[in-house]
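Novice: Starting off with a structure, shown below.
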Amino acid sequence: MAEATREPAARTVVQQCLYAKLQVKPSDQNFEAEWVEIKRGMVIYVCFFKGADAAVIPKMVNCLLTVKLSETDSGKHVPITDLPGDVLIVPQATLGGKVKGRVTQYHSNASKELGMELYAEFIAQCQRELENHPKWAESGSVLRYGTYGNRQVLQLNTNGPYTHLLEF
């Protein structure tokens, strides 16, 4: 029997990194640009789709923080909490794009208001989950995140193109 296909509520791309630096506020005539940075860990790009609600977030957080994608010095794959490593979350609406002709359209993305609300809740749940993991909390690892609705300027150093697409 064929499975019913359903549209995802969210799409993420996870990239392990050695260092990442993200601009969270662009410069203007009065202020320098503001940046956040992480050391060894992972970058999570996240996009929410129409029909998404807060019920998808616990599943996302559990999967992303427990999946064995982080590589130790010995080559073993472990969850980010066991590395332990830093986490950088980047809102990335372009993950919802579909090519139509020669143009990319984003009609399936959540509205800006809903996306912002879900993004804030996603960050809050990630922070709570990470802080409740003793090894991660004691390591001095950090969670940093981008600003929803801003163009994301990112500098990234990796030890290989170890990137995964996960849909929820």
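Note on naming: chains are A, B, ... as they come in the structure tokens, residues start from 1 per chain, ligands start from 1 in the order shown.
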I want to know what sits within 10 Å of Glu7 (chain A), based on only C-alpha atoms, with residues of the same chain fewer than 4 positions away left out; could you give that as a PDB file with all heavy atoms, in the first residue's frame?

Specialist:
ATOM      1  N   PHE A  49       7.089  26.109   7.250  1.00  0.00           N
ATOM      2  CA  PHE A  49       6.159  26.157   6.139  1.00  0.00           C
ATOM      3  C   PHE A  49       4.748  26.488   6.600  1.00  0.00           C
ATOM      4  O   PHE A  49       4.428  26.345   7.786  1.00  0.00           O
ATOM      5  CB  PHE A  49       6.150  24.819   5.395  1.00  0.00           C
ATOM      6  CG  PHE A  49       7.471  24.496   4.752  1.00  0.00           C
ATOM      7  CD1 PHE A  49       8.293  23.512   5.275  1.00  0.00           C
ATOM      8  CD2 PHE A  49       7.904  25.181   3.627  1.00  0.00           C
ATOM      9  CE1 PHE A  49       9.519  23.222   4.693  1.00  0.00           C
ATOM     10  CE2 PHE A  49       9.120  24.897   3.030  1.00  0.00           C
ATOM     11  CZ  PHE A  49       9.936  23.910   3.567  1.00  0.00           C
ATOM     12  N   LYS A  50       3.899  26.871   5.646  1.00  0.00           N
ATOM     13  CA  LYS A  50       2.480  27.096   5.933  1.00  0.00           C
ATOM     14  C   LYS A  50       1.921  25.844   6.591  1.00  0.00           C
ATOM     15  O   LYS A  50       2.269  24.730   6.219  1.00  0.00           O
ATOM     16  CB  LYS A  50       1.695  27.369   4.649  1.00  0.00           C
ATOM     17  CG  LYS A  50       1.915  28.738   4.090  1.00  0.00           C
ATOM     18  CD  LYS A  50       1.067  28.949   2.850  1.00  0.00           C
ATOM     19  CE  LYS A  50       1.348  30.333   2.283  1.00  0.00           C
ATOM     20  NZ  LYS A  50       0.698  30.525   0.992  1.00  0.00           N
ATOM     21  N   GLY A  51       1.076  26.029   7.563  1.00  0.00           N
ATOM     22  CA  GLY A  51       0.476  24.888   8.262  1.00  0.00           C
ATOM     23  C   GLY A  51       1.295  24.418   9.454  1.00  0.00           C
ATOM     24  O   GLY A  51       0.829  23.594  10.230  1.00  0.00           O
ATOM     25  N   ALA A  52       2.503  24.924   9.605  1.00  0.00           N
ATOM     26  CA  ALA A  52       3.321  24.534  10.758  1.00  0.00           C
ATOM     27  C   ALA A  52       2.727  25.139  12.019  1.00  0.00           C
ATOM     28  O   ALA A  52       2.117  26.205  11.992  1.00  0.00           O
ATOM     29  CB  ALA A  52       4.756  25.026  10.581  1.00  0.00           C
ATOM     30  N   SER A 108       5.145  28.493  -0.252  1.00  0.00           N
ATOM     31  CA  SER A 108       4.838  27.483   0.765  1.00  0.00           C
ATOM     32  C   SER A 108       5.408  27.842   2.146  1.00  0.00           C
ATOM     33  O   SER A 108       5.134  27.139   3.114  1.00  0.00           O
ATOM     34  CB  SER A 108       5.342  26.103   0.326  1.00  0.00           C
ATOM     35  OG  SER A 108       6.739  26.135   0.133  1.00  0.00           O
ATOM     36  N   GLU A 167      13.704  16.982   7.329  1.00  0.00           N
ATOM     37  CA  GLU A 167      12.367  17.577   7.264  1.00  0.00           C
ATOM     38  C   GLU A 167      11.499  17.025   8.368  1.00  0.00           C
ATOM     39  O   GLU A 167      11.640  15.859   8.754  1.00  0.00           O
ATOM     40  CB  GLU A 167      11.732  17.290   5.900  1.00  0.00           C
ATOM     41  CG  GLU A 167      12.425  18.015   4.773  1.00  0.00           C
ATOM     42  CD  GLU A 167      11.755  17.831   3.427  1.00  0.00           C
ATOM     43  OE1 GLU A 167      11.141  16.764   3.203  1.00  0.00           O
ATOM     44  OE2 GLU A 167      11.847  18.748   2.598  1.00  0.00           O
ATOM     45  N   PHE A 168      10.582  17.848   8.837  1.00  0.00           N
ATOM     46  CA  PHE A 168       9.706  17.460   9.943  1.00  0.00           C
ATOM     47  C   PHE A 168       8.259  17.736   9.579  1.00  0.00           C
ATOM     48  O   PHE A 168       7.961  18.634   8.849  1.00  0.00           O
ATOM     49  CB  PHE A 168      10.074  18.232  11.200  1.00  0.00           C
ATOM     50  CG  PHE A 168      11.500  18.014  11.615  1.00  0.00           C
ATOM     51  CD1 PHE A 168      12.515  18.836  11.164  1.00  0.00           C
ATOM     52  CD2 PHE A 168      11.826  16.939  12.428  1.00  0.00           C
ATOM     53  CE1 PHE A 168      13.819  18.609  11.538  1.00  0.00           C
ATOM     54  CE2 PHE A 168      13.143  16.713  12.795  1.00  0.00           C
ATOM     55  CZ  PHE A 168      14.139  17.543  12.357  1.00  0.00           C
TER      56      PHE A 168
END

Novice: Running DSSP on the backbone, which parts of region 69-130 of chain A land in helix (DSSP H, G or I), as a list in words?

Specialist: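 Those in region 69-130 of chain A that DSSP calls helix (DSSP H, G or I) are Ala93, Thr94, Leu95, Gly96, Lys112, Glu113, Leu114, Gly115, Met116, Glu117, Leu118, Tyr119, Ala120, Glu121, Phe122, Ile123, Ala124, Gln125, Cys126, Gln127, Arg128, Glu129 and Leu130 of chain A.
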
Novice: At what distance in Å, to one decimal, does CA of Tyr145 (chain A) lie from CA of Gln16 (chain A)?

Specialist: 15.2 Å

Novice: Do you have, as a Markdown table, the list of residues of region 106-153 of chain A lying at most 7 Å from region 56-80 of chain A, each with its nearest atom pair and that distance in Å to one decimal, counting only C-alpha atoms and ordered by chain then number?

Specialist:
| residue | atom | partner | partner_atom | distance |
| --- | --- | --- | --- | --- |
| A:Phe122 | CA | A:Ile57 | CA | 5.9 |
| A:Gln125 | CA | A:Val61 | CA | 6.9 |
| A:Cys126 | CA | A:Val61 | CA | 5.9 |

Novice: Once you have the residues from the selection above, write them out as a tab-separated table (two decimals), in the first residue's frame, restricted to N, CA and C atoms.

Specialist:
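Wrote it out as selection_38.tsv, contents follow:
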chain	number	residue	atom	x	y	z
A	122	PHE	N	11.42	27.71	18.84
A	122	PHE	CA	12.45	26.73	18.52
A	122	PHE	C	13.75	27.04	19.28
A	125	GLN	N	13.24	26.32	23.08
A	125	GLN	CA	13.25	24.89	23.42
A	125	GLN	C	14.65	24.29	23.25
A	126	CYS	N	15.38	24.72	22.25
A	126	CYS	CA	16.77	24.25	22.10
A	126	CYS	C	17.60	24.66	23.32

Novice: Taking only C-alpha atoms into account, which of A:Asp53, A:Pro84, A:Leu95, A:Gly101 comes nearest Pro134 (chain A)?

Specialist: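 So, comparing all the options, the nearest one is A:Pro84.
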
Novice: My list of candidates is A:Met42, A:Leu18, A:Phe48, A:Val142. Which is closest to Arg128 (chain A) when distances are computed with only C-alpha atoms?

Specialist: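 With only C-alpha atoms as the atom set, the closest residue is A:Val142.
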
Novice: Which residue out of A:Pro26, A:Pro161, A:Gly41, A:Gly149 has the minimum interatomic distance to Gly85 (chain A) when only C-alpha atoms are used?

Specialist: A:Gly41

Novice: Can you tell me, as a PDB file with N, CA, C and O atoms, in the first residue's frame, what residues are no more than 7 Å from Asn157 (chain A) when counting only C-alpha atoms, ignoring any on the same chain fewer than 4 positions away?

Specialist:
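In the end it all went to selection_7.pdb:
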ATOM      1  N   CYS A  17      30.691  22.290  11.980  1.00  0.00           N
ATOM      2  CA  CYS A  17      31.657  23.351  11.702  1.00  0.00           C
ATOM      3  C   CYS A  17      32.763  23.368  12.743  1.00  0.00           C
ATOM      4  O   CYS A  17      32.629  22.816  13.832  1.00  0.00           O
ATOM      5  N   LEU A  18      33.853  24.001  12.375  1.00  0.00           N
ATOM      6  CA  LEU A  18      34.954  24.251  13.299  1.00  0.00           C
ATOM      7  C   LEU A  18      34.857  25.659  13.872  1.00  0.00           C
ATOM      8  O   LEU A  18      35.331  25.927  14.967  1.00  0.00           O
ATOM      9  N   TYR A  19      34.212  26.552  13.094  1.00  0.00           N
ATOM     10  CA  TYR A  19      34.031  27.938  13.500  1.00  0.00           C
ATOM     11  C   TYR A  19      32.950  28.542  12.616  1.00  0.00           C
ATOM     12  O   TYR A  19      32.883  28.253  11.420  1.00  0.00           O
ATOM     13  N   ALA A  20      32.099  29.382  13.182  1.00  0.00           N
ATOM     14  CA  ALA A  20      31.100  30.106  12.403  1.00  0.00           C
ATOM     15  C   ALA A  20      30.873  31.480  13.025  1.00  0.00           C
ATOM     16  O   ALA A  20      30.909  31.632  14.249  1.00  0.00           O
TER      17      ALA A  20
END

Novice: Report, in Å to a single decimal, how far apart CA of Ser111 (chain A) and CA of Ile44 (chain A) are.

Specialist: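 Computing it gives 20.3 Å between the two atoms.
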
Novice: Let me make sure I understand: among A:Ala10, A:Asp28, A:Cys47, A:Leu118, which one has the smallest atom-to-atom distance to Gln92 (chain A) if we use only C-alpha atoms?

Specialist: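 Once distances to Gln92 (chain A) are computed over only C-alpha atoms, the minimum belongs to A:Cys47.
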